[in-house]
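Data from model25.pdb: PDB, C-alpha atoms and all ligand atoms
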MODEL        1
ATOM      1  CA  MET I  45     -13.774  -4.782 -24.325
ATOM      2  CA  ARG I  46     -16.655  -3.060 -22.644
ATOM      3  CA  GLU I  47     -16.049  -0.220 -20.181
ATOM      4  CA  GLU I  48     -17.630  -2.146 -17.365
ATOM      5  CA  ASP I  49     -15.222  -5.033 -17.850
ATOM      6  CA  VAL I  50     -12.344  -3.049 -16.392
ATOM      7  CA  GLU I  51     -11.503  -3.624 -12.780
ATOM      8  CA  THR I  52      -9.767  -1.042 -10.624
ATOM      9  CA  ALA I  53      -6.452  -1.867  -9.001
ATOM     10  CA  ILE I  54      -4.479   0.290  -6.642
ATOM     11  CA  LYS I  55      -0.763  -0.022  -6.156
ATOM     12  CA  VAL I  56       0.125   0.550  -2.511
ATOM     13  CA  VAL I  57       3.717   0.750  -1.281
ATOM     14  CA  VAL I  58       4.505  -0.145   2.315
ATOM     15  CA  VAL I  59       7.702   1.507   3.522
ATOM     16  CA  GLY I  60       9.664   2.024   6.718
ATOM     17  CA  ASN I  61      12.810   0.811   8.483
ATOM     18  CA  GLY I  62      13.776  -2.860   8.642
ATOM     19  CA  ALA I  63      11.890  -5.149  11.028
ATOM     20  CA  VAL I  64       9.019  -2.757  11.775
ATOM     21  CA  GLY I  65       6.539  -5.333  10.483
ATOM     22  CA  LYS I  66       5.888  -4.403   6.842
ATOM     23  CA  SER I  67       5.973  -7.939   5.465
ATOM     24  CA  SER I  68       3.989  -9.177   8.442
ATOM     25  CA  MET I  69       1.332  -6.527   7.867
ATOM     26  CA  ILE I  70       0.912  -7.440   4.226
ATOM     27  CA  GLN I  71       0.810 -11.141   5.028
ATOM     28  CA  ARG I  72      -1.729 -10.593   7.757
ATOM     29  CA  TYR I  73      -3.937  -8.565   5.441
ATOM     30  CA  CYS I  74      -3.660 -10.761   2.363
ATOM     31  CA  LYS I  75      -3.244 -14.223   3.858
ATOM     32  CA  GLY I  76      -4.593 -13.831   7.381
ATOM     33  CA  ILE I  77      -1.447 -15.205   8.971
ATOM     34  CA  PHE I  78       1.259 -13.996  11.365
ATOM     35  CA  THR I  79       4.672 -15.545  11.886
ATOM     36  CA  LYS I  80       7.130 -14.713  14.619
ATOM     37  CA  ASP I  81      10.153 -15.330  12.430
ATOM     38  CA  TYR I  82      11.963 -12.391  10.936
ATOM     39  CA  LYS I  83      13.089 -12.895   7.369
ATOM     40  CA  LYS I  84      14.347  -9.649   5.948
ATOM     41  CA  THR I  85      12.911  -8.624   2.616
ATOM     42  CA  ILE I  86      15.402  -8.567  -0.214
ATOM     43  CA  GLY I  87      14.382  -5.890  -2.704
ATOM     44  CA  VAL I  88      10.631  -5.993  -3.152
ATOM     45  CA  ASP I  89       7.752  -8.414  -3.139
ATOM     46  CA  PHE I  90       4.018  -8.058  -3.463
ATOM     47  CA  LEU I  91       0.731  -9.638  -2.536
ATOM     48  CA  GLU I  92      -2.770  -8.630  -3.405
ATOM     49  CA  ARG I  93      -6.253  -8.654  -1.975
ATOM     50  CA  GLN I  94      -9.588  -7.783  -3.444
ATOM     51  CA  ILE I  95     -12.081  -5.724  -1.471
ATOM     52  CA  GLU I  96     -15.391  -4.075  -2.195
ATOM     53  CA  VAL I  97     -15.737  -0.327  -1.922
ATOM     54  CA  ASN I  98     -19.010   1.408  -2.834
ATOM     55  CA  ASN I  99     -20.170  -1.793  -4.554
ATOM     56  CA  GLU I 100     -17.088  -1.904  -6.744
ATOM     57  CA  ASP I 101     -14.390  -4.559  -6.725
ATOM     58  CA  ILE I 102     -11.062  -2.970  -5.938
ATOM     59  CA  ARG I 103      -7.843  -4.903  -6.093
ATOM     60  CA  LEU I 104      -5.151  -3.715  -3.715
ATOM     61  CA  MET I 105      -1.668  -4.625  -4.815
ATOM     62  CA  LEU I 106       0.522  -4.321  -1.762
ATOM     63  CA  TRP I 107       4.198  -3.820  -2.447
ATOM     64  CA  ASP I 108       6.478  -4.855   0.328
ATOM     65  CA  THR I 109       9.766  -2.980   0.150
ATOM     66  CA  ALA I 110      12.992  -3.732   1.980
ATOM     67  CA  GLY I 111      13.591  -1.496   4.982
ATOM     68  CA  GLN I 112      17.354  -1.932   4.944
ATOM     69  CA  GLU I 113      19.190   0.986   3.402
ATOM     70  CA  GLU I 114      21.371  -1.281   1.296
ATOM     71  CA  PHE I 115      18.334  -1.934  -0.922
ATOM     72  CA  ASP I 116      17.333   1.717  -1.322
ATOM     73  CA  ALA I 117      18.318   2.001  -4.959
ATOM     74  CA  ILE I 118      16.241  -1.033  -5.936
ATOM     75  CA  THR I 119      13.199  -0.261  -3.871
ATOM     76  CA  LYS I 120      12.893   3.366  -4.976
ATOM     77  CA  ALA I 121      12.345   2.237  -8.535
ATOM     78  CA  TYR I 122       9.335   0.265  -7.348
ATOM     79  CA  TYR I 123       7.696   3.292  -5.743
ATOM     80  CA  ARG I 124       7.039   4.605  -9.219
ATOM     81  CA  GLY I 125       3.394   4.436 -10.176
ATOM     82  CA  ALA I 126       2.270   3.862  -6.589
ATOM     83  CA  GLN I 127      -1.139   5.326  -5.867
ATOM     84  CA  ALA I 128      -1.101   5.049  -2.090
ATOM     85  CA  CYS I 129       1.463   4.606   0.667
ATOM     86  CA  VAL I 130       1.769   3.187   4.183
ATOM     87  CA  LEU I 131       4.584   4.625   6.315
ATOM     88  CA  VAL I 132       5.367   2.215   9.140
ATOM     89  CA  PHE I 133       7.403   2.549  12.322
ATOM     90  CA  SER I 134       7.648   0.266  15.310
ATOM     91  CA  THR I 135       6.628   1.024  18.891
ATOM     92  CA  THR I 136       9.862  -0.535  20.116
ATOM     93  CA  ASP I 137      12.271   1.068  17.657
ATOM     94  CA  ARG I 138      12.989   4.762  18.131
ATOM     95  CA  GLN I 139      15.087   5.003  14.972
ATOM     96  CA  SER I 140      12.252   3.729  12.853
ATOM     97  CA  PHE I 141      10.094   6.591  14.184
ATOM     98  CA  GLU I 142      12.781   9.164  13.497
ATOM     99  CA  ALA I 143      13.187   7.874   9.947
ATOM    100  CA  ILE I 144       9.545   8.451   8.953
ATOM    101  CA  GLU I 145      10.006  11.893   7.411
ATOM    102  CA  SER I 146      12.870  10.616   5.334
ATOM    103  CA  TRP I 147      10.748   7.699   4.052
ATOM    104  CA  LYS I 148       7.948  10.087   3.233
ATOM    105  CA  GLY I 149      10.373  12.211   1.231
ATOM    106  CA  LYS I 150      11.626   9.216  -0.741
ATOM    107  CA  VAL I 151       8.132   8.205  -1.741
ATOM    108  CA  GLU I 152       7.141  11.771  -2.591
ATOM    109  CA  ASP I 153      10.190  12.139  -4.824
ATOM    110  CA  GLU I 154       8.906   9.288  -6.971
ATOM    111  CA  CYS I 155       5.136   9.550  -6.598
ATOM    112  CA  GLY I 156       4.267  13.105  -5.593
ATOM    113  CA  ASP I 157       1.326  13.609  -3.282
ATOM    114  CA  ILE I 158      -0.515  10.286  -2.955
ATOM    115  CA  PRO I 159      -2.912   9.102  -0.221
ATOM    116  CA  THR I 160      -0.679   8.135   2.698
ATOM    117  CA  VAL I 161      -1.118   6.849   6.245
ATOM    118  CA  LEU I 162       1.214   6.759   9.191
ATOM    119  CA  VAL I 163       1.243   3.478  11.122
ATOM    120  CA  GLN I 164       2.708   2.694  14.509
ATOM    121  CA  ASN I 165       2.979  -1.076  14.577
ATOM    122  CA  LYS I 166       3.634  -3.518  17.445
ATOM    123  CA  ILE I 167       1.409  -1.756  19.949
ATOM    124  CA  ASP I 168       1.072  -5.083  21.729
ATOM    125  CA  LEU I 169       4.595  -4.313  22.939
ATOM    126  CA  VAL I 170       3.585  -0.973  24.443
ATOM    127  CA  GLU I 171       5.357  -1.778  27.714
ATOM    128  CA  ASP I 172       8.577  -1.706  25.765
ATOM    129  CA  ALA I 173       7.699   1.501  23.928
ATOM    130  CA  LYS I 174      10.491   3.765  22.763
ATOM    131  CA  VAL I 175       8.112   6.358  21.362
ATOM    132  CA  GLU I 176       5.710   8.465  23.448
ATOM    133  CA  THR I 177       2.070   8.508  22.399
ATOM    134  CA  GLU I 178       2.089  12.321  22.137
ATOM    135  CA  GLU I 179       5.197  12.325  19.960
ATOM    136  CA  ALA I 180       3.555  10.039  17.462
ATOM    137  CA  ASP I 181       0.362  12.138  17.472
ATOM    138  CA  THR I 182       2.419  15.274  16.930
ATOM    139  CA  LEU I 183       4.269  13.771  13.991
ATOM    140  CA  ALA I 184       1.011  12.689  12.347
ATOM    141  CA  LYS I 185      -0.369  16.218  12.752
ATOM    142  CA  LYS I 186       2.808  17.795  11.450
ATOM    143  CA  LEU I 187       2.804  15.586   8.358
ATOM    144  CA  LYS I 188      -0.984  15.917   8.021
ATOM    145  CA  LEU I 189      -1.439  12.168   7.882
ATOM    146  CA  ARG I 190      -4.150   9.843   9.130
ATOM    147  CA  PHE I 191      -2.562   7.862  11.956
ATOM    148  CA  TYR I 192      -3.237   4.246  12.953
ATOM    149  CA  ARG I 193      -1.806   2.207  15.796
ATOM    150  CA  THR I 194      -1.680  -1.440  14.830
ATOM    151  CA  SER I 195      -0.670  -4.795  16.138
ATOM    152  CA  VAL I 196      -0.161  -7.156  13.266
ATOM    153  CA  LYS I 197       0.379  -9.883  15.833
ATOM    154  CA  ASP I 198      -3.038  -9.345  17.439
ATOM    155  CA  ASN I 199      -4.672  -8.327  14.148
ATOM    156  CA  LEU I 200      -5.583  -4.902  15.465
ATOM    157  CA  ASN I 201      -6.520  -2.096  13.042
ATOM    158  CA  VAL I 202      -4.725  -3.625  10.057
ATOM    159  CA  GLU I 203      -7.885  -3.771   7.932
ATOM    160  CA  ASP I 204      -8.620  -0.115   8.691
ATOM    161  CA  VAL I 205      -5.302   1.032   7.268
ATOM    162  CA  PHE I 206      -5.917  -0.388   3.810
ATOM    163  CA  ARG I 207      -9.621   0.401   3.760
ATOM    164  CA  TYR I 208      -8.818   4.041   4.482
ATOM    165  CA  LEU I 209      -6.319   4.207   1.635
ATOM    166  CA  ALA I 210      -8.735   2.626  -0.835
ATOM    167  CA  ASP I 211     -11.470   5.088   0.175
ATOM    168  CA  LYS I 212      -9.119   8.026  -0.041
ATOM    169  CA  TYR I 213      -7.817   7.013  -3.442
ATOM    170  CA  LEU I 214     -11.298   6.522  -4.865
ATOM    171  CA  GLU I 215     -12.377   9.871  -3.455
ATOM    172  CA  ARG I 216      -9.577  11.529  -5.373
ATOM    173  CA  VAL I 217     -10.422   9.704  -8.560
ATOM    174  CA  GLN I 218     -14.055  10.660  -8.199
ATOM    175  CA  ALA I 219     -13.144  14.304  -7.647
ATOM    176  CA  MET I 220     -11.006  14.168 -10.763
ATOM    177  CA  VAL I 221     -13.818  12.665 -12.824
ATOM    178  CA  GLU I 222     -16.154  15.406 -11.673
ATOM    179  CA  GLU I 223     -13.613  18.082 -12.540
ATOM    180  CA  GLU I 224     -12.879  16.801 -16.030
ATOM    181  CA  PRO I 225     -15.755  14.608 -17.164
ATOM    182  CA  GLN I 226     -14.788  14.576 -20.838
ATOM    183  CA  THR I 227     -11.239  13.353 -20.558
ATOM    184  CA  ASN I 228     -10.190   9.792 -21.165
ATOM    185  CA  GLN I 229      -6.689  10.251 -19.828
ATOM    186  CA  PRO I 230      -6.121   9.577 -16.146
ATOM    187  CA  LYS I 231      -3.865  11.960 -14.248
ATOM    188  CA  ILE I 232      -3.232   9.447 -11.548
ATOM    189  CA  GLY I 233      -2.499   5.843 -12.285
ATOM    190  CA  MET I 234      -5.056   3.215 -12.975
ATOM    191  CA  PHE I 235      -4.587   0.104 -14.997
ATOM    192  CA  ASN I 236      -6.329  -2.973 -16.159
ATOM    193  CA  THR I 237      -5.690  -5.860 -13.907
ATOM    194  CA  VAL I 238      -3.912  -9.125 -14.179
ATOM    195  CA  THR I 239      -5.379 -11.903 -12.070
ATOM    196  CA  SER I 240      -8.342 -12.124  -9.772
ATOM    197  CA  ASN I 241      -7.229 -14.486  -7.050
ATOM    198  CA  ALA I 242      -6.845 -12.476  -3.850
ATOM    199  CA  ASN I 243      -3.692 -14.297  -2.853
ATOM    200  CA  SER I 244      -2.131 -14.790  -6.186
ATOM    201  CA  SER I 245       0.910 -12.869  -7.236
ATOM    202  CA  ALA I 246       1.131 -11.285 -10.665
ATOM    203  CA  LYS I 247       4.845 -10.808 -10.475
ATOM    204  CA  LYS I 248       7.334 -12.684 -12.548
ATOM    205  CA  LYS I 249      10.894 -13.188 -11.422
ATOM    206  CA  GLU I 250      13.328 -12.955 -14.283
ATOM    207  CA  ASP I 251      16.711 -14.647 -14.452
ATOM    208  CA  ASN I 252      18.511 -11.539 -13.269
ATOM    209  CA  GLY I 253      16.293 -11.380 -10.194
ATOM    210  CA  THR I 254      14.260  -8.425 -11.453
ATOM    211  CA  ILE I 255      10.572  -8.583 -10.651
ATOM    212  CA  THR I 256       8.264  -7.403 -13.404
ATOM    213  CA  LEU I 257       4.544  -7.312 -13.707
ATOM    214  CA  SER I 258       2.733  -9.192 -16.402
ATOM    215  CA  GLY I 259       1.196  -6.964 -19.038
ATOM    216  CA  PRO I 260      -2.200  -5.401 -18.602
ATOM    217  CA  ASN I 261      -5.023  -7.866 -18.660
ATOM    218  CA  LYS I 262      -8.704  -7.537 -18.252
ATOM    219  CA  ARG I 263     -11.050  -9.272 -15.949
ATOM    220  CA  ARG I 264     -14.739  -9.561 -16.468
ATOM    221  CA  THR I 265     -16.849  -8.024 -13.776
ATOM    222  CA  HIS I 266     -20.021  -9.708 -14.981
ATOM    223  CA  GLY I 267     -21.479  -6.531 -16.352
ATOM    224  CA  LYS I 268     -21.187  -4.664 -13.071
ATOM    225  CA  LYS I 269     -20.835  -1.023 -14.030
ATOM    226  CA  ASN I 270     -17.603   0.496 -12.915
ATOM    227  CA  PRO I 271     -17.756   4.295 -13.064
ATOM    228  CA  LEU I 272     -14.018   4.439 -12.635
ATOM    229  CA  SER I 273     -13.434   2.573 -15.853
ATOM    230  CA  MET I 274     -14.049   5.754 -17.828
ATOM    231  CA  LEU I 275     -10.569   6.777 -16.818
ATOM    232  CA  GLY I 276      -9.107   4.234 -19.181
ATOM    233  CA  LYS I 277      -5.817   2.549 -18.448
ATOM    234  CA  CYS I 278      -2.221   3.467 -18.028
ATOM    235  CA  GLN I 279       1.144   1.931 -17.340
ATOM    236  CA  LEU I 280       1.903   0.563 -13.894
ATOM    237  CA  LEU I 281       5.578   1.466 -13.741
TER
HETATM  238  N1  LIG Y 301       5.090  -8.330  18.793
HETATM  239  C1  LIG Y 301       4.913  -8.031  17.508
HETATM  240  N2  LIG Y 301       5.810  -8.454  16.598
HETATM  241  C2  LIG Y 301       5.599  -8.126  15.295
HETATM  242  C3  LIG Y 301       4.476  -7.385  14.872
HETATM  243  N3  LIG Y 301       4.564  -7.220  13.538
HETATM  244  C4  LIG Y 301       5.680  -7.846  13.145
HETATM  245  N4  LIG Y 301       6.320  -8.401  14.195
HETATM  246  C5  LIG Y 301       7.580  -9.148  14.183
HETATM  247  O1  LIG Y 301       8.619  -8.238  13.826
HETATM  248  C6  LIG Y 301       9.627  -8.911  13.079
HETATM  249  C7  LIG Y 301       9.905  -8.177  11.774
HETATM  250  O2  LIG Y 301       8.748  -8.242  10.957
HETATM  251  P1  LIG Y 301       8.806  -8.116   9.378
HETATM  252  O3  LIG Y 301       7.402  -8.098   8.921
HETATM  253  O4  LIG Y 301       9.710  -9.131   8.796
HETATM  254  O5  LIG Y 301       9.496  -6.685   9.229
HETATM  255  P2  LIG Y 301       9.807  -5.844   7.895
HETATM  256  O6  LIG Y 301       9.449  -4.433   8.210
HETATM  257  O7  LIG Y 301       9.128  -6.446   6.738
HETATM  258  O8  LIG Y 301      11.394  -5.983   7.780
HETATM  259  P3  LIG Y 301      12.346  -5.810   6.454
HETATM  260  O9  LIG Y 301      11.983  -6.907   5.512
HETATM  261  O10 LIG Y 301      13.737  -5.949   6.980
HETATM  262  O11 LIG Y 301      12.116  -4.463   5.909
HETATM  263  C8  LIG Y 301       9.122 -10.329  12.855
HETATM  264  O12 LIG Y 301       9.753 -11.171  13.809
HETATM  265  C9  LIG Y 301       7.625 -10.248  13.134
HETATM  266  O13 LIG Y 301       7.096 -11.444  13.633
HETATM  267  C10 LIG Y 301       3.527  -6.951  15.869
HETATM  268  O14 LIG Y 301       2.513  -6.294  15.628
HETATM  269  N5  LIG Y 301       3.820  -7.313  17.175
ENDMDL
END
Show me this structure written as structure tokens.
Ligand SMILES: Nc1nc2c(ncn2[C@@H]2O[C@H](COP(=O)(O)OP(=O)(O)OP(=O)(O)O)[C@@H](O)[C@H]2O)c(=O)[nH]1
Amino acid sequence: MREEDVETAIKVVVVGNGAVGKSSMIQRYCKGIFTKDYKKTIGVDFLERQIEVNNEDIRLMLWDTAGQEEFDAITKAYYRGAQACVLVFSTTDRQSFEAIESWKGKVEDECGDIPTVLVQNKIDLVEDAKVETEEADTLAKKLKLRFYRTSVKDNLNVEDVFRYLADKYLERVQAMVEEEPQTNQPKIGMFNTVTSNANSSAKKKEDNGTITLSGPNKRRTHGKKNPLSMLGKCQLL
């Protein structure tokens, strides 16, 4: 395998209370659709989308985790190996706002300090808001997080959230490469990728309901040089 044949993939976890719009956000971003129905996520699920950053193909693997506390034990295991995180609360749900710091802590426990954004979703329902604009701004400042207000329904700012995370992640990788140019061992996760279809899912549901990823695979990038490939590969989970 040539170095330039390795594609970069970023595992992003999307977390927050139930019904804030996590699944909807991922569906909007990966499939371009929005549905009004609420179907609570059981455990975890993921979708992926490929984007181009600095002339490189980057595959974002978006992990949708259940917001209901009853699934905490399962979902935490899936935070492992995440390289970026979206913390979501809803404009119309005060509790979901108050739970943000706790969600941040859960992700940090498993992943350490990874690029993270704070998202206030459902801003189309601003007339029903249970969170003041200033409160949300203050929380973002306190947690030192980039803050986006989105409406998945109206497709507002959703693209920006994931673009920011991809940029931020690549910035960190680049800084790491510059610091330690000789090393082949990544300090933060990167792995060879599985499939190339933006909407395809690389997960496999086993009989016991566990979702596992297929083993590392490579995808040709038609000789396009990928400077990130020098970091080699590592395990996803
Ligand atoms: N008005 C409005 N409704 C939204 C928006 N985003 C999501 N919804 C609705 O909110 C409800 C919950 O959305 P989900 O995406 O299922 O929420 P979730 O966070 O994945 O919920 P869990 O799976 O329980 O964790 C659904 O009825 C969506 O249609 C939005 O931006 N505006």
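Coordinates place CA of Ile102 in chain I at a distance of 15.9 Å from CA of Val57 in chain I.
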### Shell around Glu215 in chain I at 12 Å using only C-alpha atoms, local window under 3 positions removed, as a PyMOL selection string
chain I and resi 97-98+158-159+208-212+218-222+272
Please save C-alpha atoms of the selected residues as an mmCIF file, keeping the file's coordinate frame.
data_model
loop_
_atom_site.group_PDB
_atom_site.id
_atom_site.type_symbol
_atom_site.label_atom_id
_atom_site.label_comp_id
_atom_site.auth_asym_id
_atom_site.auth_seq_id
_atom_site.Cartn_x
_atom_site.Cartn_y
_atom_site.Cartn_z
ATOM 1 C CA VAL I 97 -15.737 -0.327 -1.922
ATOM 2 C CA ASN I 98 -19.010 1.408 -2.834
ATOM 3 C CA ILE I 158 -0.515 10.286 -2.955
ATOM 4 C CA PRO I 159 -2.912 9.102 -0.221
ATOM 5 C CA TYR I 208 -8.818 4.041 4.482
ATOM 6 C CA LEU I 209 -6.319 4.207 1.635
ATOM 7 C CA ALA I 210 -8.735 2.626 -0.835
ATOM 8 C CA ASP I 211 -11.470 5.088 0.175
ATOM 9 C CA LYS I 212 -9.119 8.026 -0.041
ATOM 10 C CA GLN I 218 -14.055 10.660 -8.199
ATOM 11 C CA ALA I 219 -13.144 14.304 -7.647
ATOM 12 C CA MET I 220 -11.006 14.168 -10.763
ATOM 13 C CA VAL I 221 -13.818 12.665 -12.824
ATOM 14 C CA GLU I 222 -16.154 15.406 -11.673
ATOM 15 C CA LEU I 272 -14.018 4.439 -12.635
#
### Message
Under the PyMOL selection byres (((not hetatm)) within 7 of (chain Y and resi 301)), which residues of this model are included? Write them out as a ChimeraX atom specification.
### Response
/I:60-69,78-86,109-112,165-169,194-198
Give me the box for range 197-202 of chain I as AutoDock Vina command-line options, namely the centre and edge lengths in Å to one decimal of a box along x, y and z that holds every listed atom plus 5 Å on each side.
--center_x -3.1 --center_y -6.0 --center_z 13.7 --size_x 16.9 --size_y 17.8 --size_z 17.4
List as a tab-separated table (two decimals) with C-alpha atoms, in the coordinates of the input the protein and nucleic acid residues near Glu145 in chain I, meaning an atom at most 12 Å away when all atoms listed in the file are counted, but skip any in the same chain fewer than 2 places from it.
chain	number	residue	atom	x	y	z
I	59	VAL	CA	7.70	1.51	3.52
I	60	GLY	CA	9.66	2.02	6.72
I	61	ASN	CA	12.81	0.81	8.48
I	131	LEU	CA	4.58	4.62	6.32
I	132	VAL	CA	5.37	2.22	9.14
I	133	PHE	CA	7.40	2.55	12.32
I	139	GLN	CA	15.09	5.00	14.97
I	140	SER	CA	12.25	3.73	12.85
I	141	PHE	CA	10.09	6.59	14.18
I	142	GLU	CA	12.78	9.16	13.50
I	143	ALA	CA	13.19	7.87	9.95
I	147	TRP	CA	10.75	7.70	4.05
I	148	LYS	CA	7.95	10.09	3.23
I	149	GLY	CA	10.37	12.21	1.23
I	150	LYS	CA	11.63	9.22	-0.74
I	151	VAL	CA	8.13	8.20	-1.74
I	152	GLU	CA	7.14	11.77	-2.59
I	162	LEU	CA	1.21	6.76	9.19
I	183	LEU	CA	4.27	13.77	13.99
I	184	ALA	CA	1.01	12.69	12.35
I	186	LYS	CA	2.81	17.80	11.45
I	187	LEU	CA	2.80	15.59	8.36
I	188	LYS	CA	-0.98	15.92	8.02
I	189	LEU	CA	-1.44	12.17	7.88
